Amino acid sequence: MQDDSAESSPEFRVGQRIHSANDPRRIGTVKYVGPIEVHAGEWVGVDWDTGEAKHDGSVNGIRYFQAGSDRSGSFVRAKVISPGISVIRALELRYRTDSTKEEEDEMYVFSASNKRVSVQLVGKDKIQDKLSRFEELTGASLSYLGVSTPGDPGQIGTAVPNLKELDLTGNLLSEWKDVSTICEQLPALAALNLSNNLMSLDICGLAQLKSIRILVLNDTGIKWTQIEKLKHSLPAIEELHLMGNNISTIEPTSSSVVQGFDSLRLLNLEDNCIAEWDEILKLSQIRGLEQLHLNKNNLNRIYYPHNTRIHEFLGGNESQKERKLFTNLRCLLLGGNNIEDLASVDVLNSFPKLVDIRLSENPVADPGRGGIPRFVLIARLAKVEVLNGSEVSPRERKDSEIRYVRLVMSKLHDPQEIKQVHPRFAELKNFHGIEDERPSVGGASLQKMASGLLSITLKCVGATMGEKPPLTKKLPATTTVGKLKSLSESFFKLKSIKPKLFLQEEGSPLPILLDDEMESLMDLGIGNGSTILIDEES
């Protein structure tokens with residue numbers, strides 16, 4: 001509690017967004033204005049966004065307001081907080097004053113994924129030299145400057161008529177009518193970032209924002225019910241970013257699925273709380289949707305309904321019997337969820353145009369948690385061209401599919417089980433002309449397979465191993481990882497070095513650690529021409 005006498009200072013109202021007068025990044029919401037017991041004068045009760053304050057809104061057993069957490073509330077004098085500034089004042093502060101090195105570092109916008117991207121300005125030095133050249137500004141970053149109001153009518157449009165990109169991240173805006181006022185004055189504005197502004201859930205006073213193609217609403221507290229109202233004001237929207245809003249459900253207003261968004265190409269729902277794939281299916285009729293970002297949600301399975309199920313899902317209309325879902329989706333990012341079943345991998349083949357997939361940081365794609373390695377993912381995903389951000393070359397696809405078929409042949413014997421667990425096995429086996437060496441009687445074929453020799457190249461990469469030329473050796477397919485470690489010590493005369501083995505795969509960003517000493521080359525699906533890297537235990 002800051003006990004300074006109240007001098008002439010701004011008046012505040014409950015619900016108003018403010019920031020500390022000394023730190024525009026310390027933002028909060030006014031929850032109480034008035035006297036408090038023991039201390040004289042008028043006080044402002046603030047619930048701070050960071051949660052770093054003193055109490056929960058009660059002092060000496062008397063509750064004045066309810067803070068968001070036990071220690072996010074405090075009482076301050078009006079003079080130590082600021083109600084914010086206008087857009088024009090922020091432009092002047094950012095671009096018409098001599099900037100410090102710290103301010104120079106602030107010349108960026110937040111990208112859709114909350115990464116800093118340098119904003120493209122038309123000659124900042126020229127703007128500082130000639131104070132009347134705001135009309136040359138095509139992109140402006142006004143992040144964390146305490147912007148709370150559009151300012152006087154018409155000022156923005158007169159000052160920056162050619163502005164195409166505007167970053168208002170981390171300010172004090174909350175009313176949609178203010179957003180509307182800003183946009184209406186900027187007919188060329190195509191990209192608007194409102195991240196980290198606590199926006200009102202009451203969508204009112206919003207005009208048609210016909211020029212906005214990219215809208216970023218990360219960490220604004222918005223829910224899908226507000227998006228349904230917003231879409232009517234965004235006829236040209238192509239990218240919509242909604243990260244970090246605790247969205248758990250998709251709630252269409254007029255049917256079982258989301259309608260409209262005729263121009264939408266990219267929808268970013270990363271870092272939310274969506275747990276059920278049924279919620280995602282409600283987005284399946286956004287016709288132009290090409291990219292759907294769902295990293296860091298709580299999804300544990302994926303499915304693609306067929307025929308009757310689609311008919312039921314879309315409401316049972318006769319005209320919808322032949323409809324498909326996600327007809328133009330090319331990129332689906334699912335990293336950092338809880339997907340652990342292979343059926344959720346295999347079903348991705350059902351999406352008509354899906355070629356770019358991210359499954360990293362899911363149990364199913366993490367061999368360390370019982371998941372499958374990259375080569376198996378590639379083999380099971382028939383159309384994938386980019387996996388976990390890395391391009392799948394034709395060579396990598398061929399090698400992965402052959403290796404996968406050999407792996408299945410070495411481990412499974414029941415044709416019915418193979419068909420059920422490995423739906424692409426027969427197709428790949430025939431495509432690559434791999435002979436079935438396993439006759440119906442006994443394990444003779446397995447012995448024949450195991451007795452075959454594989455050509456393996458061994459490379460030393462350990463820091464203390466010195467310069468050693470690679471060796472290519474013919475090894476039995478039954479050679480275990482443990483045995484290969486012993487052989488490596490002998491081949492390269494590695495005295496007092498404990499080797500660690502990695503499989504180097506073309507197209508894979510990182511080599512795969514071979515850590516199970518009991519598994520054989522055959523078990524791992526390692527084929528002719530493979531390269532094993534020999535490192536040392538740290």
# chains A, B, ... in the order shown; residues from 1 in each chain; ligands from 1
$ select_by_dssp --residues "segment 168-373 of chain A" --states "alpha helix (DSSP H)" --output "number ranges by chain"
A: 176-184, 224-230, 277-281, 308-313, 342-346
$ write_last_selection --atoms "N, CA, C and O atoms" --output "compact mmCIF listing (two decimals), in the first residue's frame"
# COMPACT_ATOMS: atom_id res chain seq x y z
N TRP A 176 -14.24 -2.96 -27.97
CA TRP A 176 -14.19 -3.21 -29.41
C TRP A 176 -14.56 -1.97 -30.22
O TRP A 176 -14.11 -1.81 -31.37
N LYS A 177 -15.32 -1.06 -29.65
CA LYS A 177 -15.66 0.17 -30.38
C LYS A 177 -14.40 1.01 -30.59
O LYS A 177 -14.29 1.71 -31.61
N ASP A 178 -13.45 0.93 -29.66
CA ASP A 178 -12.18 1.64 -29.85
C ASP A 178 -11.36 1.01 -30.97
O ASP A 178 -10.72 1.72 -31.76
N VAL A 179 -11.36 -0.32 -31.02
CA VAL A 179 -10.67 -1.02 -32.12
C VAL A 179 -11.30 -0.61 -33.45
O VAL A 179 -10.59 -0.35 -34.44
N SER A 180 -12.62 -0.56 -33.47
CA SER A 180 -13.33 -0.17 -34.68
C SER A 180 -12.96 1.24 -35.11
O SER A 180 -12.71 1.50 -36.30
N THR A 181 -12.87 2.17 -34.15
CA THR A 181 -12.52 3.55 -34.46
C THR A 181 -11.12 3.64 -35.06
O THR A 181 -10.89 4.40 -36.02
N ILE A 182 -10.18 2.88 -34.53
CA ILE A 182 -8.82 2.86 -35.06
C ILE A 182 -8.80 2.34 -36.49
O ILE A 182 -8.22 2.94 -37.39
N CYS A 183 -9.45 1.21 -36.71
CA CYS A 183 -9.41 0.55 -38.02
C CYS A 183 -10.13 1.35 -39.09
O CYS A 183 -9.70 1.38 -40.25
N GLU A 184 -11.23 2.00 -38.72
CA GLU A 184 -11.99 2.77 -39.70
C GLU A 184 -11.18 3.93 -40.27
O GLU A 184 -11.41 4.36 -41.40
N TRP A 224 -14.68 -18.64 -28.03
CA TRP A 224 -15.22 -18.85 -29.36
C TRP A 224 -16.57 -18.17 -29.57
O TRP A 224 -16.92 -17.77 -30.68
N THR A 225 -17.35 -18.02 -28.50
CA THR A 225 -18.64 -17.33 -28.65
C THR A 225 -18.44 -15.91 -29.15
O THR A 225 -19.25 -15.39 -29.93
N GLN A 226 -17.34 -15.25 -28.74
CA GLN A 226 -17.05 -13.91 -29.25
C GLN A 226 -16.54 -13.96 -30.70
O GLN A 226 -16.84 -13.07 -31.49
N ILE A 227 -15.80 -15.01 -31.02
CA ILE A 227 -15.32 -15.14 -32.40
C ILE A 227 -16.50 -15.27 -33.36
O ILE A 227 -16.48 -14.72 -34.47
N GLU A 228 -17.53 -15.98 -32.95
CA GLU A 228 -18.72 -16.11 -33.80
C GLU A 228 -19.36 -14.75 -34.09
O GLU A 228 -19.90 -14.54 -35.17
N LYS A 229 -19.28 -13.85 -33.13
CA LYS A 229 -19.82 -12.50 -33.34
C LYS A 229 -18.86 -11.65 -34.17
O LYS A 229 -19.28 -10.86 -35.01
N LEU A 230 -17.57 -11.84 -33.93
CA LEU A 230 -16.56 -11.06 -34.64
C LEU A 230 -16.54 -11.36 -36.14
O LEU A 230 -16.25 -10.49 -36.95
N TRP A 277 -11.52 -34.15 -29.70
CA TRP A 277 -11.43 -33.97 -31.14
C TRP A 277 -12.78 -33.56 -31.75
O TRP A 277 -12.82 -32.91 -32.78
N ASP A 278 -13.88 -33.92 -31.10
CA ASP A 278 -15.20 -33.49 -31.56
C ASP A 278 -15.29 -31.97 -31.68
O ASP A 278 -15.99 -31.45 -32.54
N GLU A 279 -14.58 -31.27 -30.80
CA GLU A 279 -14.58 -29.80 -30.87
C GLU A 279 -13.88 -29.34 -32.16
O GLU A 279 -14.34 -28.40 -32.81
N ILE A 280 -12.80 -30.00 -32.52
CA ILE A 280 -12.07 -29.62 -33.73
C ILE A 280 -12.88 -29.93 -34.97
O ILE A 280 -12.84 -29.18 -35.96
N LEU A 281 -13.64 -31.02 -34.95
CA LEU A 281 -14.47 -31.37 -36.11
C LEU A 281 -15.49 -30.29 -36.43
O LEU A 281 -15.97 -30.20 -37.57
N THR A 308 -21.79 -42.45 -42.92
CA THR A 308 -22.95 -42.18 -42.07
C THR A 308 -22.61 -41.24 -40.93
O THR A 308 -23.40 -40.36 -40.58
N ARG A 309 -21.42 -41.41 -40.37
CA ARG A 309 -21.02 -40.57 -39.23
C ARG A 309 -20.90 -39.10 -39.65
O ARG A 309 -21.31 -38.20 -38.94
N ILE A 310 -20.37 -38.85 -40.86
CA ILE A 310 -20.30 -37.47 -41.36
C ILE A 310 -21.71 -36.94 -41.55
O ILE A 310 -22.02 -35.80 -41.18
N HIS A 311 -22.56 -37.76 -42.13
CA HIS A 311 -23.96 -37.39 -42.36
C HIS A 311 -24.62 -36.95 -41.06
O HIS A 311 -25.28 -35.91 -40.99
N GLU A 312 -24.40 -37.73 -40.01
CA GLU A 312 -24.98 -37.40 -38.71
C GLU A 312 -24.34 -36.15 -38.13
O GLU A 312 -25.01 -35.27 -37.58
N PHE A 313 -23.02 -36.07 -38.28
CA PHE A 313 -22.28 -34.95 -37.69
C PHE A 313 -22.70 -33.61 -38.29
O PHE A 313 -22.79 -32.60 -37.60
N LEU A 342 -1.66 -45.39 -32.14
CA LEU A 342 -1.27 -45.43 -33.55
C LEU A 342 -2.46 -45.16 -34.47
O LEU A 342 -2.27 -44.66 -35.58
N ALA A 343 -3.66 -45.45 -34.02
CA ALA A 343 -4.84 -45.18 -34.85
C ALA A 343 -4.95 -43.70 -35.16
O ALA A 343 -5.39 -43.31 -36.25
N SER A 344 -4.53 -42.85 -34.22
CA SER A 344 -4.58 -41.40 -34.44
C SER A 344 -3.55 -40.95 -35.46
O SER A 344 -3.72 -39.90 -36.09
N VAL A 345 -2.48 -41.74 -35.62
CA VAL A 345 -1.50 -41.46 -36.67
C VAL A 345 -2.05 -41.91 -38.01
O VAL A 345 -2.07 -41.16 -39.00
N ASP A 346 -2.53 -43.15 -38.07
CA ASP A 346 -3.00 -43.72 -39.34
C ASP A 346 -4.18 -42.94 -39.93
O ASP A 346 -4.31 -42.83 -41.15
$ residues_around --residues "segment 282-295 of chain A" --least-positions-apart "4" --cutoff "6 Å" --atoms "only C-alpha atoms" --output "mmCIF file with C-alpha atoms, in the first residue's frame"
data_model
loop_
_atom_site.group_PDB
_atom_site.id
_atom_site.type_symbol
_atom_site.label_atom_id
_atom_site.label_comp_id
_atom_site.auth_asym_id
_atom_site.auth_seq_id
_atom_site.Cartn_x
_atom_site.Cartn_y
_atom_site.Cartn_z
ATOM 1 C CA VAL A 257 -20.438 -26.769 -37.298
ATOM 2 C CA VAL A 258 -18.748 -23.398 -37.747
ATOM 3 C CA LEU A 264 -9.960 -17.946 -43.724
ATOM 4 C CA ARG A 265 -6.780 -19.872 -44.601
ATOM 5 C CA LEU A 266 -5.004 -20.161 -41.239
ATOM 6 C CA LEU A 267 -6.496 -20.698 -37.780
ATOM 7 C CA ASN A 268 -4.117 -20.744 -34.819
ATOM 8 C CA LEU A 269 -5.525 -22.313 -31.630
ATOM 9 C CA GLU A 270 -2.196 -23.227 -30.032
ATOM 10 C CA LEU A 325 -14.265 -32.788 -43.859
ATOM 11 C CA PHE A 326 -11.272 -30.429 -43.952
ATOM 12 C CA ASN A 328 -8.376 -28.119 -48.233
ATOM 13 C CA LEU A 329 -6.369 -28.662 -45.044
ATOM 14 C CA ARG A 330 -2.668 -29.003 -45.916
ATOM 15 C CA CYS A 331 -0.993 -28.305 -42.559
ATOM 16 C CA LEU A 332 -2.025 -29.730 -39.160
ATOM 17 C CA LEU A 333 0.179 -28.965 -36.161
ATOM 18 C CA LEU A 334 -0.484 -31.273 -33.187
ATOM 19 C CA GLY A 335 2.765 -30.979 -31.226
ATOM 20 C CA GLY A 336 2.734 -31.058 -27.444
#
$ select_by_dssp --residues "segment 323-467 of chain A" --states "strand (DSSP E)" --output "list in words"
Cys331, Leu332, Leu333, Asp356, Ile357, Arg358, Val386, Leu387, Ser390, Glu391, Leu453, Leu454, Ser455, Ile456, Thr457, Leu458, Lys459 and Cys460 of chain A
$ atom_distance --atom1 "atom CA of Pro470 of chain A" --atom2 "atom CA of Ser488 of chain A"
11.1 Å
$ residues_around --residues "Lys483 of chain A" --least-positions-apart "4" --cutoff "8 Å" --atoms "only C-alpha atoms" --output "list in words"
Thr479, Leu487 and Glu517 of chain A
$ residues_around --residues "Ile532 of chain A" --least-positions-apart "5" --cutoff "8 Å" --atoms "only C-alpha atoms" --output "ChimeraX atom specification"
/A:456-459,501-504
$ residues_around --residues "His19 of chain A" --least-positions-apart "2" --cutoff "12 Å" --atoms "only C-alpha atoms" --output "number ranges by chain"
A: 12, 16-17, 21-30, 46-50, 76, 78-85, 144-148, 170-173, 197
$ write_last_selection --atoms "C-alpha atoms" --output "PDB file, in the first residue's frame"
ATOM      1  CA  PHE A  12     -10.512   6.169 -12.323  1.00  0.00           C
ATOM      2  CA  GLN A  16     -10.744   0.433 -16.231  1.00  0.00           C
ATOM      3  CA  ARG A  17      -7.410  -0.916 -17.489  1.00  0.00           C
ATOM      4  CA  ALA A  21       3.092   5.196 -13.981  1.00  0.00           C
ATOM      5  CA  ASN A  22       6.702   4.032 -13.904  1.00  0.00           C
ATOM      6  CA  ASP A  23       6.290   0.801 -15.872  1.00  0.00           C
ATOM      7  CA  PRO A  24       3.857   0.452 -18.797  1.00  0.00           C
ATOM      8  CA  ARG A  25       4.402  -3.327 -18.740  1.00  0.00           C
ATOM      9  CA  ARG A  26       2.914  -3.571 -15.229  1.00  0.00           C
ATOM     10  CA  ILE A  27      -0.771  -3.658 -16.156  1.00  0.00           C
ATOM     11  CA  GLY A  28      -3.888  -4.191 -14.080  1.00  0.00           C
ATOM     12  CA  THR A  29      -7.618  -3.616 -13.761  1.00  0.00           C
ATOM     13  CA  VAL A  30      -9.263  -1.130 -11.379  1.00  0.00           C
ATOM     14  CA  VAL A  46      -5.980  -2.762  -8.510  1.00  0.00           C
ATOM     15  CA  ASP A  47      -5.904  -6.409  -9.569  1.00  0.00           C
ATOM     16  CA  TRP A  48      -2.529  -6.771 -11.310  1.00  0.00           C
ATOM     17  CA  ASP A  49      -2.200  -9.085 -14.334  1.00  0.00           C
ATOM     18  CA  THR A  50       1.148 -10.497 -13.192  1.00  0.00           C
ATOM     19  CA  VAL A  76      -2.449   2.640  -4.592  1.00  0.00           C
ATOM     20  CA  ALA A  78      -4.235   7.589  -8.214  1.00  0.00           C
ATOM     21  CA  LYS A  79      -1.045   9.511  -8.984  1.00  0.00           C
ATOM     22  CA  VAL A  80       1.111   6.360  -9.221  1.00  0.00           C
ATOM     23  CA  ILE A  81      -0.962   4.710 -11.950  1.00  0.00           C
ATOM     24  CA  SER A  82      -1.734   5.833 -15.495  1.00  0.00           C
ATOM     25  CA  PRO A  83      -4.963   5.617 -17.489  1.00  0.00           C
ATOM     26  CA  GLY A  84      -2.904   5.391 -20.688  1.00  0.00           C
ATOM     27  CA  ILE A  85      -2.412   7.485 -23.797  1.00  0.00           C
ATOM     28  CA  TYR A 144       3.562  -1.840 -24.257  1.00  0.00           C
ATOM     29  CA  LEU A 145       3.168   1.928 -24.497  1.00  0.00           C
ATOM     30  CA  GLY A 146      -0.054   2.165 -22.494  1.00  0.00           C
ATOM     31  CA  VAL A 147      -2.373   2.857 -25.445  1.00  0.00           C
ATOM     32  CA  SER A 148      -5.924   3.068 -24.092  1.00  0.00           C
ATOM     33  CA  GLY A 170       0.340  -5.315 -24.350  1.00  0.00           C
ATOM     34  CA  ASN A 171      -1.651  -2.099 -24.127  1.00  0.00           C
ATOM     35  CA  LEU A 172      -4.776  -1.034 -22.223  1.00  0.00           C
ATOM     36  CA  LEU A 173      -7.385  -1.445 -24.948  1.00  0.00           C
ATOM     37  CA  ASN A 197      -4.938  -6.641 -24.318  1.00  0.00           C
TER      38      ASN A 197
END
$ decode --residues "segment 220-232 of chain A" --atoms "all heavy atoms" --output "short mmCIF file (atom, residue, chain, number, x, y, z; two decimals), in the first residue's frame"
data_model
loop_
_atom_site.label_atom_id
_atom_site.label_comp_id
_atom_site.auth_asym_id
_atom_site.auth_seq_id
_atom_site.Cartn_x
_atom_site.Cartn_y
_atom_site.Cartn_z
N THR A 220 -5.84 -12.67 -25.03
CA THR A 220 -6.78 -11.55 -24.85
C THR A 220 -7.99 -11.95 -24.01
O THR A 220 -8.85 -11.12 -23.73
CB THR A 220 -7.29 -11.05 -26.22
OG1 THR A 220 -7.86 -12.15 -26.93
CG2 THR A 220 -6.16 -10.45 -27.04
N GLY A 221 -8.08 -13.24 -23.63
CA GLY A 221 -9.22 -13.71 -22.85
C GLY A 221 -10.46 -14.00 -23.68
O GLY A 221 -11.52 -14.29 -23.12
N ILE A 222 -10.32 -13.96 -24.99
CA ILE A 222 -11.49 -14.14 -25.86
C ILE A 222 -11.88 -15.61 -25.95
O ILE A 222 -11.02 -16.50 -25.83
CB ILE A 222 -11.18 -13.57 -27.28
CG1 ILE A 222 -12.48 -13.30 -28.03
CG2 ILE A 222 -10.24 -14.48 -28.06
CD1 ILE A 222 -12.29 -12.41 -29.24
N LYS A 223 -13.16 -15.88 -26.14
CA LYS A 223 -13.68 -17.25 -26.29
C LYS A 223 -14.33 -17.40 -27.67
O LYS A 223 -14.52 -16.42 -28.39
CB LYS A 223 -14.71 -17.56 -25.19
CG LYS A 223 -14.18 -17.38 -23.78
CD LYS A 223 -12.98 -18.26 -23.48
CE LYS A 223 -12.46 -18.03 -22.06
NZ LYS A 223 -11.18 -18.72 -21.82
N TRP A 224 -14.68 -18.64 -28.03
CA TRP A 224 -15.22 -18.85 -29.36
C TRP A 224 -16.57 -18.17 -29.57
O TRP A 224 -16.92 -17.77 -30.68
CB TRP A 224 -15.32 -20.34 -29.70
CG TRP A 224 -15.55 -20.50 -31.17
CD1 TRP A 224 -16.74 -20.66 -31.82
CD2 TRP A 224 -14.56 -20.44 -32.20
NE1 TRP A 224 -16.57 -20.71 -33.19
CE2 TRP A 224 -15.22 -20.57 -33.44
CE3 TRP A 224 -13.17 -20.29 -32.20
CZ2 TRP A 224 -14.54 -20.57 -34.66
CZ3 TRP A 224 -12.50 -20.29 -33.40
CH2 TRP A 224 -13.18 -20.42 -34.61
N THR A 225 -17.35 -18.02 -28.50
CA THR A 225 -18.64 -17.33 -28.65
C THR A 225 -18.44 -15.91 -29.15
O THR A 225 -19.25 -15.39 -29.93
CB THR A 225 -19.40 -17.31 -27.31
OG1 THR A 225 -18.53 -16.83 -26.28
CG2 THR A 225 -19.90 -18.68 -26.94
N GLN A 226 -17.34 -15.25 -28.74
CA GLN A 226 -17.05 -13.91 -29.25
C GLN A 226 -16.54 -13.96 -30.70
O GLN A 226 -16.84 -13.07 -31.49
CB GLN A 226 -16.00 -13.21 -28.36
CG GLN A 226 -16.53 -12.68 -27.05
CD GLN A 226 -16.78 -13.79 -26.04
OE1 GLN A 226 -15.89 -14.62 -25.80
NE2 GLN A 226 -17.95 -13.83 -25.44
N ILE A 227 -15.80 -15.01 -31.02
CA ILE A 227 -15.32 -15.14 -32.40
C ILE A 227 -16.50 -15.27 -33.36
O ILE A 227 -16.48 -14.72 -34.47
CB ILE A 227 -14.39 -16.37 -32.53
CG1 ILE A 227 -13.14 -16.18 -31.65
CG2 ILE A 227 -13.99 -16.62 -33.98
CD1 ILE A 227 -12.31 -14.97 -31.98
N GLU A 228 -17.53 -15.98 -32.95
CA GLU A 228 -18.72 -16.11 -33.80
C GLU A 228 -19.36 -14.75 -34.09
O GLU A 228 -19.90 -14.54 -35.17
CB GLU A 228 -19.74 -17.04 -33.13
CG GLU A 228 -19.36 -18.50 -33.14
CD GLU A 228 -19.55 -19.14 -34.52
OE1 GLU A 228 -20.55 -18.84 -35.20
OE2 GLU A 228 -18.67 -19.92 -34.93
N LYS A 229 -19.28 -13.85 -33.13
CA LYS A 229 -19.82 -12.50 -33.34
C LYS A 229 -18.86 -11.65 -34.17
O LYS A 229 -19.28 -10.86 -35.01
CB LYS A 229 -20.10 -11.82 -32.00
CG LYS A 229 -21.18 -12.51 -31.17
CD LYS A 229 -21.33 -11.85 -29.81
CE LYS A 229 -22.36 -12.59 -28.96
NZ LYS A 229 -22.45 -12.01 -27.59
N LEU A 230 -17.57 -11.84 -33.93
CA LEU A 230 -16.56 -11.06 -34.64
C LEU A 230 -16.54 -11.36 -36.14
O LEU A 230 -16.25 -10.49 -36.95
CB LEU A 230 -15.17 -11.36 -34.08
CG LEU A 230 -14.67 -10.56 -32.87
CD1 LEU A 230 -13.29 -11.05 -32.48
CD2 LEU A 230 -14.63 -9.08 -33.19
N LYS A 231 -16.82 -12.61 -36.51
CA LYS A 231 -16.64 -13.01 -37.90
C LYS A 231 -17.49 -12.19 -38.87
O LYS A 231 -17.11 -12.00 -40.02
CB LYS A 231 -16.92 -14.50 -38.08
CG LYS A 231 -18.37 -14.92 -37.99
CD LYS A 231 -18.50 -16.44 -38.17
CE LYS A 231 -19.95 -16.88 -38.06
NZ LYS A 231 -20.08 -18.35 -38.13
N HIS A 232 -18.61 -11.68 -38.40
CA HIS A 232 -19.47 -10.88 -39.27
C HIS A 232 -18.84 -9.53 -39.61
O HIS A 232 -19.21 -8.91 -40.61
CB HIS A 232 -20.83 -10.67 -38.61
CG HIS A 232 -21.53 -11.95 -38.27
ND1 HIS A 232 -21.96 -12.84 -39.24
CD2 HIS A 232 -21.87 -12.51 -37.07
CE1 HIS A 232 -22.53 -13.88 -38.67
NE2 HIS A 232 -22.49 -13.71 -37.36
#
